[in-house]
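Shown next: coords.txt, containing compact mmCIF, C-alpha atoms and all ligand atoms.
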# COMPACT_ATOMS: atom_id res chain seq x y z
CA ALA T 15 -30.74 -47.13 -38.71
CA ASP T 16 -30.57 -50.87 -39.39
CA THR T 17 -27.16 -50.60 -40.98
CA ILE T 18 -23.96 -49.09 -39.60
CA THR T 19 -21.06 -48.23 -41.91
CA VAL T 20 -17.71 -47.35 -40.39
CA LEU T 21 -14.45 -46.16 -41.92
CA GLY T 22 -11.45 -47.59 -40.05
CA LEU T 23 -7.84 -46.37 -39.97
CA GLU T 24 -4.74 -48.25 -38.76
CA SER T 25 -1.16 -46.95 -38.57
CA SER T 26 0.30 -48.22 -35.30
CA CYS T 27 3.23 -50.22 -36.69
CA ASP T 28 4.47 -50.66 -40.26
CA ASP T 29 1.20 -50.98 -42.20
CA THR T 30 -0.84 -47.99 -43.32
CA ALA T 31 -4.41 -49.17 -43.70
CA ALA T 32 -7.96 -47.99 -44.26
CA ALA T 33 -11.16 -50.01 -44.62
CA VAL T 34 -14.91 -49.69 -44.79
CA VAL T 35 -17.04 -52.23 -42.93
CA ARG T 36 -20.83 -52.35 -42.89
CA LEU T 37 -23.05 -54.13 -40.40
CA GLY T 38 -26.44 -54.83 -41.96
CA PRO T 39 -29.38 -57.15 -41.23
CA ASP T 40 -27.43 -60.05 -42.80
CA GLY T 41 -24.38 -59.50 -40.62
CA PRO T 42 -21.11 -57.68 -41.20
CA ARG T 43 -19.50 -57.15 -44.59
CA ILE T 44 -16.07 -55.78 -45.47
CA LEU T 45 -16.73 -53.31 -48.29
CA SER T 46 -13.06 -52.51 -48.76
CA SER T 47 -9.72 -53.08 -47.05
CA VAL T 48 -6.58 -51.31 -48.21
CA VAL T 49 -3.22 -52.18 -46.62
CA GLN T 50 0.00 -50.53 -47.66
CA GLY T 51 2.99 -52.25 -46.05
CA GLN T 52 6.38 -50.69 -45.39
CA THR T 53 8.60 -53.78 -45.36
CA ALA T 54 10.83 -52.45 -48.13
CA LEU T 55 11.37 -49.11 -46.35
CA HIS T 56 12.74 -50.78 -43.23
CA ALA T 57 14.48 -53.80 -44.80
CA GLU T 58 18.03 -52.40 -44.70
CA PHE T 59 17.70 -51.54 -40.98
CA GLY T 60 16.70 -55.02 -39.79
CA GLY T 61 13.60 -53.76 -37.98
CA VAL T 62 10.92 -51.07 -38.07
CA VAL T 63 12.44 -47.57 -37.70
CA PRO T 64 9.80 -45.46 -35.86
CA GLU T 65 10.72 -42.15 -37.52
CA ILE T 66 10.63 -43.63 -41.03
CA ALA T 67 7.37 -45.42 -40.25
CA ALA T 68 5.71 -42.24 -38.96
CA ARG T 69 6.69 -40.21 -42.01
CA ALA T 70 5.45 -42.91 -44.38
CA HIS T 71 2.11 -43.09 -42.55
CA VAL T 72 1.69 -39.31 -42.82
CA GLU T 73 2.48 -39.41 -46.54
CA ARG T 74 0.22 -42.34 -47.37
CA ILE T 75 -2.78 -42.37 -45.09
CA ASP T 76 -4.89 -39.86 -47.04
CA LEU T 77 -4.52 -41.91 -50.21
CA CYS T 78 -5.38 -45.13 -48.36
CA VAL T 79 -8.59 -43.51 -47.09
CA GLU T 80 -9.47 -42.28 -50.57
CA GLN T 81 -8.87 -45.75 -52.04
CA ALA T 82 -10.87 -47.47 -49.29
CA LEU T 83 -13.86 -45.16 -49.86
CA ALA T 84 -13.63 -45.50 -53.64
CA SER T 85 -13.45 -49.29 -53.69
CA ALA T 86 -16.32 -49.45 -51.17
CA GLY T 87 -18.26 -47.40 -53.73
CA THR T 88 -19.03 -44.60 -51.29
CA ASP T 89 -17.93 -41.20 -50.08
CA LEU T 90 -18.10 -39.76 -46.59
CA SER T 91 -21.88 -39.22 -46.91
CA GLY T 92 -22.25 -43.03 -46.70
CA ILE T 93 -20.17 -43.28 -43.52
CA ASP T 94 -21.68 -43.24 -40.01
CA ALA T 95 -18.49 -42.99 -37.94
CA ILE T 96 -14.69 -42.93 -38.14
CA ALA T 97 -12.76 -45.51 -36.10
CA VAL T 98 -9.01 -45.20 -35.60
CA THR T 99 -6.31 -47.10 -33.76
CA ALA T 100 -5.47 -44.84 -30.81
CA GLY T 101 -2.77 -47.20 -29.43
CA PRO T 102 -0.82 -49.14 -28.39
CA GLY T 103 1.97 -48.76 -30.93
CA LEU T 104 4.72 -46.53 -32.28
CA ILE T 105 3.49 -43.12 -31.20
CA GLY T 106 4.39 -41.23 -34.40
CA GLY T 107 2.35 -43.63 -36.49
CA VAL T 108 -0.56 -43.70 -34.06
CA LEU T 109 -0.58 -39.88 -34.08
CA ALA T 110 -0.66 -39.80 -37.87
CA GLY T 111 -3.78 -41.96 -37.89
CA VAL T 112 -5.49 -40.14 -35.04
CA MET T 113 -4.87 -36.69 -36.57
CA CYS T 114 -6.17 -37.87 -39.94
CA ALA T 115 -9.27 -39.37 -38.33
CA LYS T 116 -9.92 -36.20 -36.34
CA GLY T 117 -9.65 -34.12 -39.49
CA ILE T 118 -12.20 -36.28 -41.31
CA ALA T 119 -14.52 -36.46 -38.30
CA ALA T 120 -14.44 -32.70 -37.75
CA GLY T 121 -14.76 -31.89 -41.44
CA ALA T 122 -17.64 -34.27 -42.13
CA GLY T 123 -19.32 -33.89 -38.74
CA LEU T 124 -18.98 -37.61 -37.97
CA PRO T 125 -18.48 -39.35 -34.64
CA LEU T 126 -14.92 -40.41 -33.82
CA ILE T 127 -14.14 -43.75 -32.17
CA GLY T 128 -10.73 -44.58 -30.68
CA VAL T 129 -9.93 -48.29 -30.89
CA ASN T 130 -7.32 -50.29 -29.02
CA HIS T 131 -5.25 -52.16 -31.63
CA LEU T 132 -5.29 -55.34 -29.55
CA ALA T 133 -9.08 -55.14 -29.23
CA GLY T 134 -9.16 -54.93 -33.02
CA HIS T 135 -7.27 -58.23 -33.31
CA ALA T 136 -9.27 -59.82 -30.51
CA LEU T 137 -12.70 -58.93 -31.98
CA THR T 138 -11.84 -60.04 -35.54
CA PRO T 139 -13.30 -63.58 -35.16
CA ARG T 140 -16.71 -61.97 -34.58
CA LEU T 141 -16.37 -60.22 -37.93
CA THR T 142 -15.14 -63.29 -39.83
CA ASP T 143 -16.89 -66.16 -38.03
CA GLY T 144 -19.67 -64.51 -36.02
CA LEU T 145 -18.32 -65.85 -32.72
CA GLU T 146 -20.39 -65.41 -29.58
CA PHE T 147 -18.84 -64.34 -26.26
CA PRO T 148 -16.94 -65.65 -24.39
CA TYR T 149 -14.23 -67.13 -26.58
CA LEU T 150 -10.57 -67.78 -25.92
CA MET T 151 -8.08 -65.92 -28.06
CA LEU T 152 -4.38 -66.49 -28.67
CA LEU T 153 -2.83 -63.42 -30.20
CA VAL T 154 0.55 -64.40 -31.58
CA SER T 155 2.51 -62.14 -33.94
CA GLY T 156 5.75 -60.23 -34.32
CA GLY T 157 4.68 -57.73 -31.68
CA HIS T 158 2.13 -59.49 -29.52
CA CYS T 159 1.73 -62.73 -27.61
CA GLN T 160 -1.09 -63.14 -25.13
CA PHE T 161 -4.10 -65.21 -24.10
CA LEU T 162 -7.39 -63.39 -23.68
CA ILE T 163 -10.87 -64.49 -22.74
CA VAL T 164 -13.01 -62.11 -24.78
CA HIS T 165 -16.15 -61.49 -22.72
CA SER T 166 -17.55 -58.44 -24.53
CA PRO T 167 -16.40 -55.67 -26.89
CA THR T 168 -14.97 -53.92 -23.84
CA ARG T 169 -14.00 -56.73 -21.47
CA PHE T 170 -10.86 -58.73 -22.18
CA GLU T 171 -9.54 -61.03 -19.46
CA ARG T 172 -5.80 -61.45 -19.88
CA LEU T 173 -4.64 -64.90 -18.75
CA GLY T 174 -0.97 -64.38 -19.50
CA GLY T 175 1.47 -63.54 -22.22
CA THR T 176 5.11 -63.19 -23.09
CA ILE T 177 7.33 -61.53 -20.56
CA ASP T 178 9.91 -60.62 -23.21
CA ASP T 179 9.94 -61.26 -27.00
CA ALA T 180 6.93 -62.20 -29.12
CA PRO T 181 7.28 -65.51 -31.02
CA GLY T 182 7.32 -63.77 -34.41
CA GLU T 183 10.26 -61.70 -33.20
CA ALA T 184 12.03 -64.92 -32.17
CA PHE T 185 11.42 -66.38 -35.65
CA ASP T 186 12.78 -63.18 -37.22
CA LYS T 187 15.91 -63.22 -35.03
CA THR T 188 16.48 -66.91 -35.73
CA ALA T 189 16.34 -66.21 -39.46
CA LYS T 190 18.84 -63.39 -39.03
CA LEU T 191 21.25 -65.64 -37.06
CA LEU T 192 21.08 -68.30 -39.77
CA GLY T 193 21.32 -65.91 -42.71
CA LEU T 194 17.76 -66.59 -43.90
CA PRO T 195 15.57 -63.87 -45.45
CA GLN T 196 13.07 -61.68 -43.54
CA PRO T 197 10.34 -62.00 -42.42
CA GLY T 198 11.81 -64.94 -40.57
CA GLY T 199 8.63 -66.91 -39.89
CA PRO T 200 8.04 -68.26 -43.39
CA SER T 201 11.74 -68.79 -44.17
CA VAL T 202 12.44 -70.64 -40.90
CA GLU T 203 9.33 -72.76 -41.47
CA ALA T 204 10.47 -73.64 -45.00
CA GLU T 205 14.00 -74.43 -43.83
CA ALA T 206 12.65 -76.63 -41.01
CA ARG T 207 10.97 -78.96 -43.49
CA GLY T 208 12.86 -82.24 -43.43
CA GLY T 209 14.86 -81.13 -40.39
CA ASP T 210 15.12 -83.15 -37.17
CA PRO T 211 13.16 -81.35 -34.40
CA ALA T 212 14.80 -83.52 -31.74
CA ARG T 213 18.46 -82.91 -32.65
CA PHE T 214 18.89 -79.77 -30.53
CA ALA T 215 17.36 -79.75 -27.05
CA PHE T 216 16.29 -76.10 -26.92
CA PRO T 217 14.70 -74.85 -23.70
CA ARG T 218 10.93 -74.68 -23.10
CA PRO T 219 11.02 -71.60 -20.82
CA LEU T 220 8.52 -71.14 -17.97
CA LEU T 221 6.83 -74.52 -18.49
CA ASP T 222 7.85 -75.36 -14.93
CA ARG T 223 5.94 -72.34 -13.67
CA PRO T 224 2.17 -72.25 -13.23
CA GLY T 225 0.07 -69.91 -15.33
CA CYS T 226 0.10 -68.77 -18.93
CA ASP T 227 3.12 -66.47 -19.04
CA MET T 228 5.72 -67.26 -21.69
CA SER T 229 9.28 -66.29 -22.56
CA PHE T 230 10.98 -66.55 -25.94
CA SER T 231 14.14 -64.48 -25.64
CA GLY T 232 16.20 -67.35 -24.15
CA LEU T 233 15.55 -69.44 -27.24
CA LYS T 234 17.59 -67.19 -29.46
CA THR T 235 20.55 -67.39 -27.08
CA ALA T 236 20.32 -71.19 -27.12
CA LEU T 237 20.13 -71.17 -30.89
CA LEU T 238 23.12 -68.87 -31.15
CA ARG T 239 25.14 -71.19 -28.91
CA ALA T 240 24.15 -74.29 -30.90
CA ARG T 241 25.03 -72.53 -34.15
CA ASP T 242 28.43 -71.40 -32.90
CA GLN T 243 29.21 -74.86 -31.55
CA ALA T 244 28.38 -76.50 -34.87
CA VAL T 245 30.49 -73.92 -36.68
CA ALA T 246 33.43 -74.44 -34.28
CA GLU T 247 33.28 -78.23 -34.62
CA GLN T 248 32.73 -78.45 -38.36
CA GLY T 249 34.00 -75.15 -39.68
CA GLY T 250 30.55 -74.18 -40.96
CA LEU T 251 26.87 -75.05 -41.17
CA THR T 252 25.57 -77.59 -43.64
CA ARG T 253 22.05 -77.35 -45.07
CA HIS T 254 21.27 -80.26 -42.79
CA ASP T 255 22.41 -78.40 -39.68
CA ARG T 256 20.35 -75.39 -40.62
CA ALA T 257 17.25 -77.52 -41.17
CA ASP T 258 17.76 -79.25 -37.80
CA LEU T 259 18.30 -75.91 -36.02
CA CYS T 260 15.10 -74.48 -37.55
CA ALA T 261 13.06 -77.61 -36.85
CA SER T 262 14.28 -77.79 -33.25
CA PHE T 263 13.59 -74.09 -32.69
CA GLN T 264 10.11 -74.35 -34.20
CA ALA T 265 9.31 -77.40 -32.09
CA ALA T 266 10.29 -75.52 -28.94
CA VAL T 267 8.03 -72.56 -29.79
CA ALA T 268 5.15 -74.89 -30.65
CA ASP T 269 5.56 -76.87 -27.41
CA VAL T 270 5.46 -73.72 -25.29
CA LEU T 271 2.44 -72.28 -27.13
CA VAL T 272 0.52 -75.56 -26.94
CA GLU T 273 1.21 -76.27 -23.27
CA LYS T 274 0.30 -72.70 -22.29
CA SER T 275 -2.80 -72.91 -24.52
CA ARG T 276 -3.80 -76.08 -22.69
CA ARG T 277 -3.63 -74.21 -19.40
CA ALA T 278 -5.53 -71.26 -20.83
CA THR T 279 -8.33 -73.57 -22.01
CA GLU T 280 -8.64 -74.94 -18.47
CA THR T 281 -9.37 -71.46 -17.09
CA TYR T 282 -11.58 -70.59 -20.03
CA LEU T 283 -13.70 -73.76 -19.80
CA GLN T 284 -14.56 -72.84 -16.20
CA ALA T 285 -16.62 -69.99 -17.69
CA ARG T 286 -18.85 -72.77 -19.19
CA PRO T 287 -19.19 -71.36 -22.70
CA ASP T 288 -21.99 -72.93 -24.82
CA ASP T 289 -19.74 -73.32 -27.82
CA PRO T 290 -16.14 -73.34 -26.59
CA VAL T 291 -13.75 -71.80 -29.11
CA LEU T 292 -10.04 -71.16 -29.32
CA ALA T 293 -9.42 -68.43 -31.89
CA VAL T 294 -5.99 -67.36 -33.09
CA ALA T 295 -4.77 -64.17 -34.74
CA GLY T 296 -1.39 -62.78 -35.74
CA GLY T 297 1.19 -63.71 -38.35
CA VAL T 298 2.63 -66.66 -36.41
CA ALA T 299 -0.75 -68.41 -36.67
CA ALA T 300 0.22 -69.01 -40.31
CA ASN T 301 2.83 -71.56 -39.16
CA ALA T 302 1.57 -75.04 -40.07
CA THR T 303 3.41 -76.86 -37.25
CA ILE T 304 2.04 -74.48 -34.61
CA ARG T 305 -1.41 -74.42 -36.13
CA ASN T 306 -1.68 -78.21 -36.40
CA ALA T 307 -0.52 -78.61 -32.82
CA LEU T 308 -3.16 -76.13 -31.64
CA GLU T 309 -5.83 -77.89 -33.69
CA ASP T 310 -4.90 -81.22 -32.10
CA LEU T 311 -5.18 -79.64 -28.67
CA CYS T 312 -8.65 -78.31 -29.51
CA LYS T 313 -9.78 -81.71 -30.76
CA ALA T 314 -8.59 -83.37 -27.57
CA ARG T 315 -10.32 -80.80 -25.34
CA GLY T 316 -13.58 -80.40 -27.26
CA LEU T 317 -13.01 -76.85 -28.50
CA ARG T 318 -13.67 -75.42 -31.92
CA PHE T 319 -10.55 -73.97 -33.55
CA VAL T 320 -11.08 -70.72 -35.45
CA ALA T 321 -8.46 -68.91 -37.50
CA PRO T 322 -9.56 -65.88 -39.54
CA PRO T 323 -8.05 -65.60 -43.05
CA LEU T 324 -4.44 -64.48 -42.84
CA ASN T 325 -5.00 -60.99 -44.28
CA LEU T 326 -7.37 -60.33 -41.37
CA CYS T 327 -5.07 -62.01 -38.80
CA THR T 328 -2.23 -59.62 -39.57
CA ASP T 329 -2.48 -55.83 -39.22
CA ASN T 330 -5.35 -54.31 -41.21
CA ALA T 331 -8.01 -51.60 -40.85
CA ALA T 332 -11.10 -53.80 -41.31
CA MET T 333 -10.56 -55.06 -37.76
CA ILE T 334 -10.42 -51.45 -36.53
CA ALA T 335 -13.61 -50.52 -38.41
CA TRP T 336 -15.30 -53.62 -36.97
CA ALA T 337 -14.17 -52.86 -33.41
CA GLY T 338 -15.49 -49.34 -34.07
CA ILE T 339 -18.89 -50.79 -35.01
CA GLU T 340 -18.93 -52.85 -31.82
CA ARG T 341 -18.22 -49.72 -29.74
CA TYR T 342 -20.63 -47.53 -31.71
CA ARG T 343 -23.46 -49.98 -31.02
CA LEU T 344 -22.76 -49.56 -27.32
CA GLY T 345 -22.78 -45.78 -27.63
CA LEU T 346 -19.05 -45.56 -26.99
CA VAL T 347 -17.82 -42.63 -29.04
CA ASP T 348 -14.96 -40.24 -28.37
CA GLY T 349 -14.49 -36.50 -28.68
CA LEU T 350 -11.95 -34.57 -30.72
CA ASP T 351 -9.76 -34.62 -27.59
CA LEU T 352 -9.06 -38.34 -28.22
CA SER T 353 -5.41 -38.95 -27.39
CA ALA T 354 -2.85 -41.27 -28.98
CA ARG T 355 -1.38 -43.73 -26.50
CA PRO T 356 1.93 -45.56 -27.02
CA ARG T 357 1.01 -47.97 -24.21
CA TRP T 358 -2.53 -49.08 -23.66
CA PRO T 359 -3.17 -52.40 -21.93
CA LEU T 360 -6.53 -53.96 -22.73
O1 LIG K 401 0.71 -60.11 -37.38
P1 LIG K 401 1.93 -59.73 -38.13
O2 LIG K 401 1.83 -59.60 -39.63
O3 LIG K 401 2.50 -58.37 -37.66
C1 LIG K 401 2.68 -57.98 -36.34
O4 LIG K 401 3.65 -58.41 -35.73
O5 LIG K 401 1.84 -57.17 -35.89
O6 LIG K 401 3.03 -60.82 -37.77
C2 LIG K 401 4.29 -60.81 -38.36
C3 LIG K 401 5.13 -61.84 -37.69
C4 LIG K 401 6.58 -61.81 -38.15
O7 LIG K 401 7.41 -61.84 -37.03
C5 LIG K 401 6.70 -63.08 -38.98
O8 LIG K 401 8.00 -63.63 -38.96
C6 LIG K 401 5.71 -64.00 -38.32
O9 LIG K 401 4.62 -63.15 -37.97
N1 LIG K 401 5.28 -65.06 -39.24
C7 LIG K 401 5.48 -66.36 -39.00
C8 LIG K 401 5.03 -67.05 -40.16
N2 LIG K 401 4.55 -66.12 -41.04
C9 LIG K 401 4.70 -64.91 -40.45
N3 LIG K 401 6.04 -67.01 -37.95
C10 LIG K 401 6.12 -68.35 -38.04
N4 LIG K 401 5.73 -69.06 -39.11
C11 LIG K 401 5.18 -68.47 -40.18
N5 LIG K 401 4.79 -69.20 -41.23
ZN ZN K 402 -1.10 -56.12 -34.68

What is this file in structure tokens?
Ligand code: KG4
Ligand code: ZN
Amino acid sequence: ADTITVLGLESSCDDTAAAVVRLGPDGPRILSSVVQGQTALHAEFGGVVPEIAARAHVERIDLCVEQALASAGTDLSGIDAIAVTAGPGLIGGVLAGVMCAKGIAAGAGLPLIGVNHLAGHALTPRLTDGLEFPYLMLLVSGGHCQFLIVHSPTRFERLGGTIDDAPGEAFDKTAKLLGLPQPGGPSVEAEARGGDPARFAFPRPLLDRPGCDMSFSGLKTALLRARDQAVAEQGGLTRHDRADLCASFQAAVADVLVEKSRRATETYLQARPDDPVLAVAGGVAANATIRNALEDLCKARGLRFVAPPLNLCTDNAAMIAWAGIERYRLGLVDGLDLSARPRWPL
């Protein structure tokens, strides 16, 4: 057939999602993308609770699928294959998605395709911007932080990544330490406006080491110390202090990401791509300071900077359906013995 239509399912963290994506002669099109978040369910616990997440996925995924099919204007007879996130992620949630996908595949007699969640993120710029291989990808969110050269739908060359926290996690912890609302990224960014990024000399971990590995957990300790010192000296934090703390923290994260990106582009450019591209995905890519700094780097090094729209940068099922299409075209389908994997390096 000259068109492929795939139903995708995603449930590896705290978003239950289903989507229908079609690849036709004019390129790919997202026919529907339903995302049901769970932020409110986990808010009082200060982080995603795996057991609560898994139960919510089980309760909601059928309805998400129904809504995705309905708003795509189709039923299962219009679907060629079912793609599902088979890992990595919280195993209860991944299982909920995989079991649902198996049920649909078995019931409708459709091929089943297990997708690596990270591959879903990494292949998204091909869906949104039609990128050609190889491109450089910085995946930077609350759960992930790594550089990949994407060579093909199945070959991802990892250049380095965080050895501890992801930057989004560091933003969230910073917000918590300063009494700002969650998710921390947007509130720290807002607070940093007008702050002095040079007032606190926060560390730039691992910059003295070669390679693209990063570390962000030390930053929160430094921030905690600076906060406590200001409180001890002045008896509390002024708005000004908070703005300076946020701006200084943000500057440190941006510096590390940009310097490591610079090194990653060096390796990537050795592959002599025709149209060199740095693509970003993940919630942290929404940060204007970080984004502008990465754009400047790209300008200086002759790379195109590509950032998919935010709703496709964060967790969603359209990216899983698309990765499913990429695998389907290569004949890569799975059997009903597909297993859910909590850990699954690319
Ligand atoms: O990709 P995402 O929605 O979910 C996963 O982690 O998979 O990313 C969410 C993360 C959160 O940690 C959030 O604080 C961070 O992205 N984030 C930001 C901004 N907006 C969201 N971090 C920095 N600046 C932002 N404007
Ligand atoms: Zn993700």

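Proximity ranking of T:Arg239, T:Arg213, T:Arg305, T:Arg169 relative to ligand LIG 401 (chain K) places T:Arg305 first, based on all atoms listed in the file.
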
Minimum-distance residue to ligand ZN 402 (chain K), chosen among T:Gly123, T:Gly106, T:Pro224, T:Gly134 (using all atoms listed in the file): T:Gly134

Nearby polymer residues, ligand LIG 401 (chain K), at most 8 Å, all atoms listed in the file, as a PyMOL selection string: chain T and resi 27+154-158+180-186+196-203+295-302+304+327-329

Minimum-distance residue to ligand ZN 402 (chain K), chosen among T:Asn325, T:Thr188, T:Thr142, T:Thr17 (using only C-alpha atoms and all ligand atoms):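 Result for the nearest residue to ligand ZN 402 (chain K): T:Asn325.
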
Separation of CA of Gly121 (chain T) from CA of Ala354 (chain T), in Å and rounded to one decimal: 19.6 Å

Computed interatomic separation between CA of Ile93 (chain T) and CA of Ser46 (chain T) (Å):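 Result for CA of Ile93 (chain T) versus CA of Ser46 (chain T): 12.8 Å, one decimal.
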
Selection near region 126-132 of chain T, 9 Å with only C-alpha atoms, sequence-local residues under 2 positions removed, as a ChimeraX atom specification: /T:24,26,95-103,112,115-116,118-120,124,134-137,153,158,329,333-335,337-339,341-342,346-350,352-354,358-360

Interatomic distance, CA of Val108 (chain T) to CA of Ser91 (chain T) (Å, one decimal):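 A separation of 25.3 Å between them.
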
Nearby residues (all atoms listed in the file) at most 9 Å from Leu292 (chain T), same-chain spacing under 2 positions excluded, as an MDAnalysis selection string: chainID T and resid 149:152 275 279 290 294 308 312 317:321

From T:Val245, T:Asp143, T:Asn330, T:Leu90, residue lying nearest ligand ZN 402 (chain K) [only C-alpha atoms and all ligand atoms]: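 Comparing T:Val245, T:Asp143, T:Asn330, T:Leu90 against ligand ZN 402 (chain K), the winner is T:Asn330.
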
Neighbour list for Gly209 (chain T) as a count of residues only, cut-off 12 Å, all atoms listed in the file, skip fewer than 2 positions in-chain: 24

Best match for closeness to ligand ZN 402 (chain K) among T:Asp28, T:Gln248, T:Ala84, T:Ala33, counting all atoms listed in the file: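 Checking each candidate against ligand ZN 402 (chain K), we get T:Asp28 as the closest.
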
All residues 10 Å or closer to Leu251 (chain T), only C-alpha atoms, same chain fewer than 6 positions away omitted, as an NGL selection string: :T and (192 or 241-245 or 257)

Near-region 76-82 of chain T list (8 Å; all atoms listed in the file; drop same-chain fewer than 3 positions) as a PyMOL selection string: chain T and resi 23+30-34+46-50+72-73+85-86+114

Nearby residues, (13.6, -70.7, -22.7) file frame, 9 Å, only C-alpha atoms, as a ChimeraX atom specification: /T:216-221,228-236,266

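Among the candidates T:Leu311, T:Leu104, T:Leu283, T:Val62, the residue lying nearest to Asp269 (chain T) is T:Leu311 (atoms considered: all atoms listed in the file).
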